[in-house]
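*Asks:* The file below is model_19.cif, mmCIF, C-alpha atoms:
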```cif
data_protein
#
loop_
_atom_site.label_atom_id
_atom_site.label_comp_id
_atom_site.auth_asym_id
_atom_site.auth_seq_id
_atom_site.Cartn_x
_atom_site.Cartn_y
_atom_site.Cartn_z
CA MET M 41 100.33 167.39 87.05
CA VAL M 42 97.89 166.71 89.95
CA TRP M 43 96.10 164.17 87.73
CA LEU M 44 99.45 162.41 87.05
CA VAL M 45 100.34 162.26 90.78
CA ALA M 46 96.91 160.83 91.64
CA MET M 47 97.17 158.30 88.86
CA THR M 48 100.61 157.22 90.06
CA SER M 49 99.34 156.95 93.64
CA ARG M 50 96.39 154.74 92.58
CA GLN M 51 98.73 152.50 90.54
CA SER M 52 101.08 152.16 93.52
CA SER M 53 98.19 151.21 95.84
CA PHE M 54 96.90 148.68 93.32
CA CYS M 55 100.36 147.07 93.04
CA ARG M 56 100.62 146.81 96.84
CA LEU M 57 97.16 145.18 97.02
CA ALA M 58 98.02 142.77 94.20
CA ALA M 59 101.29 141.79 95.85
CA HIS M 60 99.52 141.26 99.18
CA GLY M 61 96.88 139.13 97.46
CA LEU M 62 99.51 136.97 95.79
CA TRP M 63 101.31 136.56 99.13
CA LEU M 64 98.08 135.34 100.78
CA LEU M 65 97.39 132.97 97.89
CA GLY M 66 100.89 131.52 98.15
CA LEU M 67 100.50 131.07 101.91
CA ALA M 68 97.19 129.25 101.43
CA LEU M 69 98.70 126.93 98.82
CA LEU M 70 101.68 126.22 101.06
CA MET M 71 99.40 125.33 104.00
CA ASN M 72 97.33 123.06 101.80
CA ALA M 73 100.42 121.30 100.48
CA SER M 74 101.84 120.72 103.96
CA ALA M 75 98.56 119.15 105.07
CA ARG M 76 98.67 116.46 102.38
CA PRO M 77 100.82 113.45 103.25
CA ALA M 78 103.31 112.29 100.64
CA ASN M 79 101.80 108.81 100.54
CA HIS M 80 98.68 109.88 98.66
CA SER M 81 99.42 110.15 94.96
CA SER M 82 97.00 109.39 92.16
CA THR M 83 97.08 109.37 88.38
CA ARG M 84 95.48 112.82 88.09
CA GLU M 85 98.00 114.35 90.52
CA ARG M 86 101.22 112.93 89.10
CA ALA M 87 103.27 115.34 86.98
CA ALA M 88 107.01 115.71 86.40
CA ASN M 89 109.59 116.87 83.92
CA LYS M 90 108.99 115.05 80.60
CA GLU M 91 112.64 114.54 79.68
CA GLU M 92 113.48 113.15 83.11
CA ASN M 93 110.41 110.87 83.00
CA GLU M 94 111.63 109.33 79.74
CA ILE M 95 114.78 107.88 81.28
CA LEU M 96 114.00 107.51 84.99
CA PRO M 97 112.25 104.39 86.31
CA PRO M 98 108.72 105.58 87.15
CA ASP M 99 107.52 105.65 90.76
CA HIS M 100 104.14 104.38 89.58
CA LEU M 101 103.61 101.15 87.65
CA ASN M 102 100.17 100.59 86.09
CA GLY M 103 98.51 97.38 87.23
CA VAL M 104 100.92 96.79 90.14
CA LYS M 105 99.55 96.84 93.70
CA LEU M 106 102.37 98.86 95.31
CA GLU M 107 104.22 101.94 94.19
CA MET M 108 108.02 101.80 93.94
CA ASP M 109 108.24 103.46 97.38
CA GLY M 110 105.98 100.86 99.00
CA HIS M 111 102.80 102.94 99.10
CA LEU M 112 99.52 101.43 97.97
CA ASN M 113 98.57 102.10 94.36
CA ARG M 114 95.38 104.12 94.82
CA ASP M 115 94.36 103.69 91.19
CA PHE M 116 94.92 99.94 90.99
CA HIS M 117 91.27 98.86 90.69
CA GLN M 118 90.59 101.42 87.99
CA GLU M 119 93.76 100.41 86.11
CA VAL M 120 92.87 96.71 86.00
CA PHE M 121 89.24 97.42 85.14
CA LEU M 122 89.73 100.12 82.49
CA GLY M 123 93.14 99.16 81.06
CA LYS M 124 94.40 101.76 78.61
CA ASP M 125 91.00 103.56 78.69
CA MET M 126 91.85 105.20 82.03
CA ASP M 127 91.49 108.72 80.63
CA GLY M 128 88.01 108.03 79.23
CA PHE M 129 86.32 108.60 82.59
CA ASP M 130 87.75 111.86 83.83
CA GLU M 131 85.60 114.18 85.90
CA ASP M 132 84.85 116.45 82.95
CA SER M 133 83.34 113.68 80.83
CA GLU M 134 79.67 113.95 79.92
CA PRO M 135 77.82 111.63 82.40
CA ARG M 136 75.48 110.05 79.84
CA ARG M 137 78.38 109.16 77.54
CA SER M 138 80.37 107.77 80.50
CA ARG M 139 77.41 105.60 81.59
CA ARG M 140 77.12 104.16 78.10
CA LYS M 141 80.86 103.51 78.01
CA LEU M 142 80.70 101.74 81.37
CA MET M 143 77.86 99.53 80.15
CA VAL M 144 79.85 98.65 77.03
CA ILE M 145 82.66 97.47 79.32
CA PHE M 146 80.13 95.53 81.40
CA SER M 147 78.94 93.73 78.26
CA LYS M 148 82.51 92.80 77.32
CA VAL M 149 83.26 91.40 80.76
CA ASP M 150 79.96 89.49 80.79
CA VAL M 151 81.15 86.79 78.40
CA ASN M 152 78.15 84.47 78.83
CA THR M 153 75.70 87.40 78.41
CA ASP M 154 73.63 86.57 81.51
CA ARG M 155 73.66 90.27 82.53
CA ARG M 156 75.87 89.65 85.55
CA ILE M 157 79.61 89.37 86.06
CA SER M 158 81.09 86.39 87.90
CA ALA M 159 84.45 86.29 89.68
CA LYS M 160 85.90 84.15 86.87
CA GLU M 161 84.75 86.61 84.21
CA MET M 162 86.24 89.49 86.18
CA GLN M 163 89.48 87.55 86.66
CA HIS M 164 89.89 87.04 82.91
CA TRP M 165 89.12 90.70 82.30
CA ILE M 166 91.72 91.82 84.87
CA MET M 167 94.37 89.66 83.19
CA GLU M 168 93.45 91.11 79.80
CA LYS M 169 93.64 94.71 81.02
CA THR M 170 96.94 94.05 82.80
CA ALA M 171 98.33 92.71 79.53
CA GLU M 172 97.29 96.02 77.91
CA HIS M 173 99.42 97.92 80.42
CA PHE M 174 102.31 95.58 79.65
CA GLN M 175 101.98 96.25 75.92
CA GLU M 176 101.81 99.99 76.54
CA ALA M 177 105.02 99.85 78.58
CA VAL M 178 106.81 97.93 75.80
CA LYS M 179 105.66 100.52 73.27
CA GLU M 180 106.84 103.46 75.40
CA ASN M 181 110.13 101.70 76.15
CA LYS M 182 111.06 101.78 72.45
CA LEU M 183 110.91 105.58 72.54
CA HIS M 184 112.71 105.83 75.86
CA PHE M 185 115.47 103.48 74.72
CA ALA M 186 116.01 105.53 71.57
CA ALA M 187 116.43 108.64 73.77
CA VAL M 188 119.39 107.07 75.60
CA ASP M 189 120.83 105.21 72.58
CA PRO M 190 121.56 108.07 70.16
CA ASP M 191 124.07 106.06 68.10
CA GLY M 192 121.45 103.36 67.56
CA ASP M 193 123.79 100.40 68.19
CA GLY M 194 121.16 98.59 70.27
CA PHE M 195 123.11 98.87 73.52
CA VAL M 196 123.27 101.49 76.24
CA SER M 197 126.22 101.65 78.64
CA TRP M 198 125.93 102.86 82.21
CA ASP M 199 128.07 105.90 81.34
CA GLU M 200 125.80 106.81 78.40
CA TYR M 201 122.77 106.58 80.64
CA LYS M 202 124.45 108.60 83.39
CA VAL M 203 125.17 111.43 80.93
CA LYS M 204 121.51 111.55 79.83
CA PHE M 205 120.27 111.39 83.41
CA LEU M 206 122.46 114.27 84.60
CA ALA M 207 121.56 116.30 81.51
CA SER M 208 117.89 115.87 82.44
CA LYS M 209 118.80 117.33 85.86
CA GLY M 210 120.16 120.50 84.27
CA HIS M 211 123.85 119.64 83.84
CA ASN M 212 125.68 120.40 80.59
CA GLU M 213 125.62 117.16 78.60
CA ARG M 214 128.93 117.74 76.81
CA GLU M 215 130.76 118.71 80.01
CA ILE M 216 129.45 115.63 81.83
CA ALA M 217 130.40 113.35 78.92
CA ASP M 218 133.93 114.82 78.83
CA ALA M 219 134.32 114.46 82.61
CA ILE M 220 133.28 110.79 82.50
CA ARG M 221 135.52 110.09 79.51
CA ASN M 222 138.49 111.65 81.32
CA HIS M 223 137.64 109.83 84.59
CA GLU M 224 137.17 113.13 86.39
CA GLU M 225 135.10 113.49 89.55
CA LEU M 226 131.56 114.63 88.80
CA LYS M 227 130.36 117.75 90.59
CA VAL M 228 126.88 116.76 91.69
CA ASP M 229 124.99 117.37 94.92
CA GLU M 230 124.59 114.69 97.59
CA GLU M 231 120.97 113.92 96.72
CA THR M 232 121.75 113.39 93.02
CA GLN M 233 124.72 111.19 93.93
CA GLU M 234 122.46 109.03 96.10
CA VAL M 235 119.96 108.66 93.25
CA LEU M 236 122.80 107.68 90.91
CA GLU M 237 123.99 104.98 93.32
CA ASN M 238 120.47 103.53 93.55
CA LEU M 239 120.08 103.61 89.78
CA LYS M 240 123.43 101.89 89.30
CA GLY M 241 122.36 99.04 91.59
CA ARG M 242 119.19 98.69 89.58
CA TRP M 243 121.21 98.81 86.33
CA TYR M 244 123.37 95.90 87.51
CA GLN M 245 120.24 93.88 88.33
CA ALA M 246 118.71 94.50 84.90
CA ASP M 247 121.94 93.45 83.14
CA ASN M 248 121.43 89.76 82.36
CA PRO M 249 124.46 87.40 82.60
CA PRO M 250 127.12 87.62 81.44
CA ALA M 251 127.19 91.09 83.00
CA ASP M 252 128.75 93.75 80.77
CA LEU M 253 126.94 96.90 82.02
CA LEU M 254 125.42 97.23 78.53
CA LEU M 255 121.63 97.06 78.45
CA THR M 256 119.69 95.88 75.43
CA GLU M 257 116.20 97.22 74.73
CA ASP M 258 114.63 94.30 76.63
CA GLU M 259 116.98 94.78 79.59
CA PHE M 260 116.23 98.51 79.59
CA LEU M 261 112.53 97.62 79.77
CA SER M 262 113.26 95.59 82.92
CA PHE M 263 115.26 98.53 84.29
CA LEU M 264 112.32 100.90 83.85
CA HIS M 265 109.55 98.36 84.52
CA PRO M 266 110.58 95.64 87.00
CA GLU M 267 107.15 94.01 86.68
CA HIS M 268 108.31 92.70 83.27
CA SER M 269 111.08 90.58 84.76
CA ARG M 270 110.96 88.03 87.56
CA GLY M 271 114.49 88.95 88.64
CA MET M 272 113.74 92.68 88.69
CA LEU M 273 110.45 92.10 90.52
CA LYS M 274 112.45 90.30 93.24
CA PHE M 275 114.83 93.27 93.35
CA MET M 276 111.91 95.71 93.69
CA VAL M 277 110.48 93.64 96.56
CA LYS M 278 113.86 93.66 98.33
CA GLU M 279 114.02 97.45 98.00
CA ILE M 280 110.53 97.89 99.46
CA VAL M 281 111.23 95.49 102.35
CA ARG M 282 114.54 97.28 103.03
CA ASP M 283 112.73 100.62 103.29
CA LEU M 284 109.91 99.37 105.55
CA ASP M 285 111.77 96.77 107.64
CA GLN M 286 112.58 98.36 111.00
CA ASP M 287 114.18 95.44 112.86
CA GLY M 288 116.35 94.11 110.02
CA ASP M 289 114.83 90.62 109.80
CA LYS M 290 114.13 91.02 106.05
CA GLN M 291 110.39 90.48 106.45
CA LEU M 292 107.50 92.73 107.41
CA SER M 293 105.29 92.71 110.47
CA LEU M 294 101.93 94.46 110.49
CA PRO M 295 103.23 97.43 112.57
CA GLU M 296 106.10 97.89 110.09
CA PHE M 297 103.78 97.79 107.08
CA ILE M 298 101.24 100.27 108.47
CA SER M 299 103.76 102.72 109.97
CA LEU M 300 103.01 106.29 108.96
CA PRO M 301 105.44 107.80 106.44
CA VAL M 302 107.98 110.35 107.52
CA GLY M 303 106.40 113.81 107.76
CA THR M 304 104.07 115.68 110.03
CA VAL M 305 100.40 116.36 109.46
CA GLU M 306 99.32 119.81 110.49
CA ASN M 307 95.53 119.75 110.41
CA GLN M 308 92.61 117.40 111.04
CA GLN M 309 91.94 116.81 107.34
CA GLY M 310 95.47 115.57 106.86
CA GLN M 311 95.21 113.41 110.00
CA ASP M 312 92.00 111.82 108.68
CA ILE M 313 93.77 110.99 105.42
CA ASP M 314 96.61 109.31 107.30
CA ASP M 315 94.12 107.39 109.47
CA ASN M 316 92.48 106.06 106.32
CA TRP M 317 95.89 105.19 104.91
CA VAL M 318 96.68 103.05 107.99
CA LYS M 319 93.27 101.36 107.81
CA ASP M 320 93.69 100.54 104.11
CA ARG M 321 97.18 99.11 104.61
CA ARG M 322 96.05 97.00 107.54
CA LYS M 323 93.25 95.51 105.43
CA GLU M 324 95.62 94.86 102.51
CA PHE M 325 98.18 93.21 104.80
CA GLU M 326 95.71 90.97 106.60
CA GLU M 327 93.44 90.00 103.71
CA LEU M 328 95.73 89.83 100.67
CA ILE M 329 99.47 90.00 101.31
CA ASP M 330 99.87 87.73 104.35
CA SER M 331 98.68 84.61 102.54
CA ASN M 332 99.22 82.18 105.44
CA HIS M 333 97.87 84.66 108.03
CA ASP M 334 100.77 84.26 110.43
CA GLY M 335 101.17 88.02 110.96
CA ILE M 336 104.42 88.18 108.98
CA VAL M 337 104.91 88.99 105.29
CA THR M 338 107.93 87.31 103.72
CA MET M 339 109.63 88.47 100.54
CA GLU M 340 108.05 85.56 98.70
CA GLU M 341 104.55 86.55 99.85
CA LEU M 342 105.15 90.17 98.85
CA GLU M 343 106.52 89.10 95.47
CA ASN M 344 103.45 86.92 94.77
CA TYR M 345 101.18 89.78 95.83
CA MET M 346 102.92 92.27 93.54
CA ASP M 347 103.20 90.01 90.48
CA PRO M 348 100.67 91.56 88.04
CA MET M 349 100.40 88.34 86.02
CA ASN M 350 99.61 86.11 89.01
CA GLU M 351 96.25 84.50 88.12
CA TYR M 352 95.49 83.56 91.73
CA ASN M 353 95.91 87.22 92.75
CA ALA M 354 93.71 88.28 89.85
CA LEU M 355 90.94 85.98 91.10
CA ASN M 356 91.24 87.38 94.62
CA GLU M 357 91.09 90.92 93.23
CA ALA M 358 88.04 89.99 91.15
CA LYS M 359 86.23 88.67 94.24
CA GLN M 360 87.19 91.76 96.23
CA MET M 361 86.02 94.14 93.49
CA ILE M 362 82.69 92.34 93.19
CA ALA M 363 82.22 92.32 96.98
CA ILE M 364 82.60 96.12 97.10
CA ALA M 365 79.48 96.62 94.95
CA ASP M 366 77.56 93.37 95.56
CA GLU M 367 74.55 94.84 97.37
CA ASN M 368 72.28 91.83 96.86
CA GLN M 369 75.02 89.46 98.05
CA ASN M 370 74.72 87.04 95.11
CA HIS M 371 78.51 87.08 94.47
CA HIS M 372 78.00 88.63 91.05
CA LEU M 373 78.14 92.16 89.70
CA GLU M 374 75.01 93.51 88.01
CA PRO M 375 74.46 96.63 85.86
CA GLU M 376 72.74 98.59 88.63
CA GLU M 377 75.56 97.82 91.04
CA ILE M 378 78.39 98.77 88.73
CA LEU M 379 76.71 102.08 87.90
CA LYS M 380 76.03 102.83 91.55
CA TYR M 381 79.67 102.13 92.45
CA SER M 382 81.08 103.72 89.32
CA GLU M 383 83.50 105.85 91.32
CA PHE M 384 85.27 102.72 92.58
CA PHE M 385 85.59 101.23 89.08
CA THR M 386 86.25 104.37 87.03
CA GLY M 387 87.20 107.18 89.40
CA SER M 388 84.10 109.15 88.35
CA LYS M 389 80.72 109.21 90.08
CA LEU M 390 77.92 108.70 87.53
CA MET M 391 74.60 109.88 88.99
CA ASP M 392 71.07 108.55 88.42
CA TYR M 393 72.36 105.00 87.99
CA ALA M 394 69.07 103.18 88.69
CA ARG M 395 66.94 105.34 86.46
CA ASN M 396 69.32 105.03 83.51
CA VAL M 397 70.54 101.45 83.76
CA HIS M 398 68.10 99.84 81.32
CA GLU M 399 68.42 102.64 78.78
CA GLU M 400 72.21 102.60 78.87
CA PHE M 401 72.44 98.80 78.77
#
```
Could you quickly redo this structure as structure tokens?
*Replies:*
Amino acid sequence: MVWLVAMTSRQSSFCRLAAHGLWLLGLALLMNASARPANHSSTRERAANKEENEILPPDHLNGVKLEMDGHLNRDFHQEVFLGKDMDGFDEDSEPRRSRRKLMVIFSKVDVNTDRRISAKEMQHWIMEKTAEHFQEAVKENKLHFAAVDPDGDGFVSWDEYKVKFLASKGHNEREIADAIRNHEELKVDEETQEVLENLKGRWYQADNPPADLLLTEDEFLSFLHPEHSRGMLKFMVKEIVRDLDQDGDKQLSLPEFISLPVGTVENQQGQDIDDNWVKDRRKEFEELIDSNHDGIVTMEELENYMDPMNEYNALNEAKQMIAIADENQNHHLEPEEILKYSEFFTGSKLMDYARNVHEEF
């Protein structure tokens, strides 16, 4: 009996310690999360509900300079350099294999085989990799369209889409469908209603004339991926300008573009991240977006900047990417340089670049 009481006492103490440990762990995670500003997302951090992702326009578009919310695409250079091989250089990859893979890419970009990459060669490579992202989006769109077109008639109405969207948010699909069919008021929270209104505006834009609120597979692609349609790209630019424009003149000044996002930063690490964010946006505004350098970005300038198939932009990006690693200042990229700056091009730091360059090449 004494043994049983002691055993019970030890178990109770252990449970209290475990609960206290979990509470401390949760507090630490909460503090860490609050210190990270919302404007810093990357490919390895993005995760969401799969069903919702299939039918919602993504916040992130591969090969496009800005996110849907107007934040800089932190993975842009890796996306246009690696194309659909983005996952081949994760941090867990074996360094020797990654170095060889990087040198294989170098050889492909180096079309004239002079062991150095020119801006023109990099430009052509960027266009090729961007096209890969386009093809991947078309391929995924076929699956996503099938998910919202269960009867397979090749058209999706706004009401059909709305049912699927609300079902992905946890609502009963049959009840929602019945309510819409009977023209009853939908019982959704304010946030969901706001998302629906935004999606409906986007749906109208994707619906090519004559407007019938029925989207074909191609129109649904434009709905999900505005970079595939000139009209939808214009719409995306208007949305971004609307969100950042503080004085209502439908263009962006430098202070408006670099303004910190809503949210407080609670420690120095978070403040440093935001400081870097402002610095990066200032550089992007002054060097790339504001093409006539008058201190104002118009919708046309922002649209040209965001167009992934703009060859002039691709050349500018090529020059910028080469300049990052061009240590000998010869305006070309060489094997030693690309290995040394591998983190910029691939997201992974490959050590011992100089010692291994000739072997890997």
*Asks:* Can you list what the PyMOL selection byres ((chain M and resi 239-242) around 12) grabs from this structure, as a short mmCIF file (atom, residue, chain, number, x, y, z; two decimals) with C-alpha atoms, in the coordinates of the input?
*Replies:*
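This is the output file result39.cif:
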```
data_model
loop_
_atom_site.label_atom_id
_atom_site.label_comp_id
_atom_site.auth_asym_id
_atom_site.auth_seq_id
_atom_site.Cartn_x
_atom_site.Cartn_y
_atom_site.Cartn_z
CA ILE M 95 114.78 107.88 81.28
CA LEU M 96 114.00 107.51 84.99
CA PRO M 97 112.25 104.39 86.31
CA PRO M 98 108.72 105.58 87.15
CA SER M 197 126.22 101.65 78.64
CA TRP M 198 125.93 102.86 82.21
CA ASP M 199 128.07 105.90 81.34
CA TYR M 201 122.77 106.58 80.64
CA LYS M 202 124.45 108.60 83.39
CA PHE M 205 120.27 111.39 83.41
CA THR M 232 121.75 113.39 93.02
CA GLN M 233 124.72 111.19 93.93
CA GLU M 234 122.46 109.03 96.10
CA VAL M 235 119.96 108.66 93.25
CA LEU M 236 122.80 107.68 90.91
CA GLU M 237 123.99 104.98 93.32
CA ASN M 238 120.47 103.53 93.55
CA TRP M 243 121.21 98.81 86.33
CA TYR M 244 123.37 95.90 87.51
CA GLN M 245 120.24 93.88 88.33
CA ALA M 246 118.71 94.50 84.90
CA ASP M 247 121.94 93.45 83.14
CA ASN M 248 121.43 89.76 82.36
CA LEU M 253 126.94 96.90 82.02
CA LEU M 254 125.42 97.23 78.53
CA LEU M 255 121.63 97.06 78.45
CA GLU M 259 116.98 94.78 79.59
CA PHE M 260 116.23 98.51 79.59
CA LEU M 261 112.53 97.62 79.77
CA SER M 262 113.26 95.59 82.92
CA PHE M 263 115.26 98.53 84.29
CA LEU M 264 112.32 100.90 83.85
CA HIS M 265 109.55 98.36 84.52
CA PRO M 266 110.58 95.64 87.00
CA GLY M 271 114.49 88.95 88.64
CA MET M 272 113.74 92.68 88.69
CA LEU M 273 110.45 92.10 90.52
CA LYS M 274 112.45 90.30 93.24
CA PHE M 275 114.83 93.27 93.35
CA MET M 276 111.91 95.71 93.69
CA LYS M 278 113.86 93.66 98.33
CA GLU M 279 114.02 97.45 98.00
#
```
*Asks:* Please determine, counting only C-alpha atoms, which residue among M:Asn350, M:Asn102, M:Asn344, M:Asn316 has the shortest atom-to-atom distance to Gln175 in chain M.
*Replies:*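 Between M:Asn350, M:Asn102, M:Asn344, M:Asn316, the residue approaching Gln175 in chain M most closely is M:Asn102.
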*Asks:* Expand the PyMOL selection byres ((chain M and resi 150-159) around 8) into the explicit residue set it covers here, and present it as a list in words.
*Replies:*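 Applying the PyMOL selection byres ((chain M and resi 150-159) around 8) to the structure shown produces Phe146, Ser147, Lys148, Val149, Lys160, Glu161, Met162, Gln163, Leu355, Ala358, Lys359, Ile362, His371, His372, Leu373, Glu374 and Pro375 of chain M.
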*Asks:* Okay, now the selection with C-alpha atoms, as a PDB file, keeping the file's coordinate frame?
*Replies:*
```
ATOM      1  CA  PHE M 146      80.130  95.530  81.400  1.00  0.00           C
ATOM      2  CA  SER M 147      78.940  93.730  78.260  1.00  0.00           C
ATOM      3  CA  LYS M 148      82.510  92.800  77.320  1.00  0.00           C
ATOM      4  CA  VAL M 149      83.260  91.400  80.760  1.00  0.00           C
ATOM      5  CA  LYS M 160      85.900  84.150  86.870  1.00  0.00           C
ATOM      6  CA  GLU M 161      84.750  86.610  84.210  1.00  0.00           C
ATOM      7  CA  MET M 162      86.240  89.490  86.180  1.00  0.00           C
ATOM      8  CA  GLN M 163      89.480  87.550  86.660  1.00  0.00           C
ATOM      9  CA  LEU M 355      90.940  85.980  91.100  1.00  0.00           C
ATOM     10  CA  ALA M 358      88.040  89.990  91.150  1.00  0.00           C
ATOM     11  CA  LYS M 359      86.230  88.670  94.240  1.00  0.00           C
ATOM     12  CA  ILE M 362      82.690  92.340  93.190  1.00  0.00           C
ATOM     13  CA  HIS M 371      78.510  87.080  94.470  1.00  0.00           C
ATOM     14  CA  HIS M 372      78.000  88.630  91.050  1.00  0.00           C
ATOM     15  CA  LEU M 373      78.140  92.160  89.700  1.00  0.00           C
ATOM     16  CA  GLU M 374      75.010  93.510  88.010  1.00  0.00           C
ATOM     17  CA  PRO M 375      74.460  96.630  85.860  1.00  0.00           C
TER      18      PRO M 375
END
```
*Asks:* What do you get, as a PyMOL selection string, if you spell out every residue that the PyMOL selection byres ((chain M and resi 280) around 12) selects here?
*Replies:* chain M and resi 106-112+273-279+281-286+290-292+296-297+338-339+342-343+346
*Asks:* Those same residues - C-alpha atoms - I'd like them written as a compact mmCIF listing (two decimals), keeping the file's coordinate frame.
*Replies:*
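Wrote it out as part-v6.txt, contents follow:
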```
# COMPACT_ATOMS: atom_id res chain seq x y z
CA LEU M 106 102.37 98.86 95.31
CA GLU M 107 104.22 101.94 94.19
CA MET M 108 108.02 101.80 93.94
CA ASP M 109 108.24 103.46 97.38
CA GLY M 110 105.98 100.86 99.00
CA HIS M 111 102.80 102.94 99.10
CA LEU M 112 99.52 101.43 97.97
CA LEU M 273 110.45 92.10 90.52
CA LYS M 274 112.45 90.30 93.24
CA PHE M 275 114.83 93.27 93.35
CA MET M 276 111.91 95.71 93.69
CA VAL M 277 110.48 93.64 96.56
CA LYS M 278 113.86 93.66 98.33
CA GLU M 279 114.02 97.45 98.00
CA VAL M 281 111.23 95.49 102.35
CA ARG M 282 114.54 97.28 103.03
CA ASP M 283 112.73 100.62 103.29
CA LEU M 284 109.91 99.37 105.55
CA ASP M 285 111.77 96.77 107.64
CA GLN M 286 112.58 98.36 111.00
CA LYS M 290 114.13 91.02 106.05
CA GLN M 291 110.39 90.48 106.45
CA LEU M 292 107.50 92.73 107.41
CA GLU M 296 106.10 97.89 110.09
CA PHE M 297 103.78 97.79 107.08
CA THR M 338 107.93 87.31 103.72
CA MET M 339 109.63 88.47 100.54
CA LEU M 342 105.15 90.17 98.85
CA GLU M 343 106.52 89.10 95.47
CA MET M 346 102.92 92.27 93.54
```
*Asks:* Which of these residues is nearest to His173 in chain M, using only C-alpha atoms: M:Asp125, M:Asp289, M:Glu367, M:Glu340?
*Replies:*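 Selected residue with least distance to His173 in chain M: M:Asp125.
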*Asks:* Counting all atoms listed in the file, figure out which residue out of M:His100, M:Pro135, M:Ser331, M:Asn113 gets nearest to Ser388 in chain M.
*Replies:*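 Residue with the minimum atom-to-atom distance to Ser388 in chain M: M:Pro135.
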*Asks:* Any idea what the distance is between CA of Arg321 in chain M and CA of Phe385 in chain M?
*Replies:*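 One can read the CA of Arg321 in chain M to CA of Phe385 in chain M distance as 19.5 Å.
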*Asks:* So what do you get for CA of Val203 in chain M versus CA of Asp189 in chain M, distance-wise?
*Replies:*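 Atom-to-atom, CA of Val203 in chain M and CA of Asp189 in chain M are spaced 11.3 Å apart.
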*Asks:* Just to confirm, what's the straight-line distance from CA of Glu168 in chain M to CA of Glu134 in chain M in Å (one decimal)?
*Replies:* 26.7 Å
*Asks:* Would you save range 201-205 of chain M to a file, keeping all heavy atoms, as a tab-separated table (two decimals), in the first residue's frame?
*Replies:*
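The file below, selection-v1.tsv, is the result:
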```tsv
chain	number	residue	atom	x	y	z
M	201	TYR	N	-17.71	27.55	-57.20
M	201	TYR	CA	-16.43	27.83	-56.55
M	201	TYR	C	-16.64	28.21	-55.09
M	201	TYR	O	-15.91	27.77	-54.20
M	201	TYR	CB	-15.69	28.95	-57.29
M	201	TYR	CG	-14.39	29.34	-56.61
M	201	TYR	CD1	-13.23	28.60	-56.80
M	201	TYR	CD2	-14.33	30.44	-55.75
M	201	TYR	CE1	-12.05	28.93	-56.16
M	201	TYR	CE2	-13.16	30.79	-55.11
M	201	TYR	CZ	-12.01	30.03	-55.32
M	201	TYR	OH	-10.85	30.36	-54.67
M	202	LYS	N	-17.65	29.04	-54.85
M	202	LYS	CA	-17.91	29.50	-53.48
M	202	LYS	C	-18.22	28.32	-52.56
M	202	LYS	O	-17.78	28.29	-51.39
M	202	LYS	CB	-19.08	30.49	-53.50
M	202	LYS	CG	-19.33	31.16	-52.18
M	202	LYS	CD	-20.13	32.46	-52.32
M	202	LYS	CE	-21.45	32.26	-53.03
M	202	LYS	NZ	-22.26	33.50	-53.03
M	203	VAL	N	-18.96	27.34	-53.06
M	203	VAL	CA	-19.26	26.14	-52.26
M	203	VAL	C	-17.98	25.42	-51.89
M	203	VAL	O	-17.77	25.05	-50.72
M	203	VAL	CB	-20.21	25.20	-53.04
M	203	VAL	CG1	-20.29	23.84	-52.34
M	203	VAL	CG2	-21.59	25.81	-53.18
M	204	LYS	N	-17.09	25.22	-52.86
M	204	LYS	CA	-15.83	24.51	-52.61
M	204	LYS	C	-14.94	25.30	-51.65
M	204	LYS	O	-14.29	24.73	-50.77
M	204	LYS	CB	-15.08	24.27	-53.92
M	204	LYS	CG	-15.76	23.26	-54.84
M	204	LYS	CD	-15.74	21.87	-54.22
M	204	LYS	CE	-16.34	20.83	-55.15
M	204	LYS	NZ	-16.36	19.48	-54.53
M	205	PHE	N	-14.92	26.61	-51.82
M	205	PHE	CA	-14.10	27.45	-50.94
M	205	PHE	C	-14.57	27.36	-49.50
M	205	PHE	O	-13.77	27.15	-48.58
M	205	PHE	CB	-14.13	28.90	-51.42
M	205	PHE	CG	-13.56	29.87	-50.42
M	205	PHE	CD1	-12.19	29.94	-50.21
M	205	PHE	CD2	-14.40	30.70	-49.68
M	205	PHE	CE1	-11.66	30.82	-49.26
M	205	PHE	CE2	-13.87	31.58	-48.75
M	205	PHE	CZ	-12.50	31.65	-48.54
```
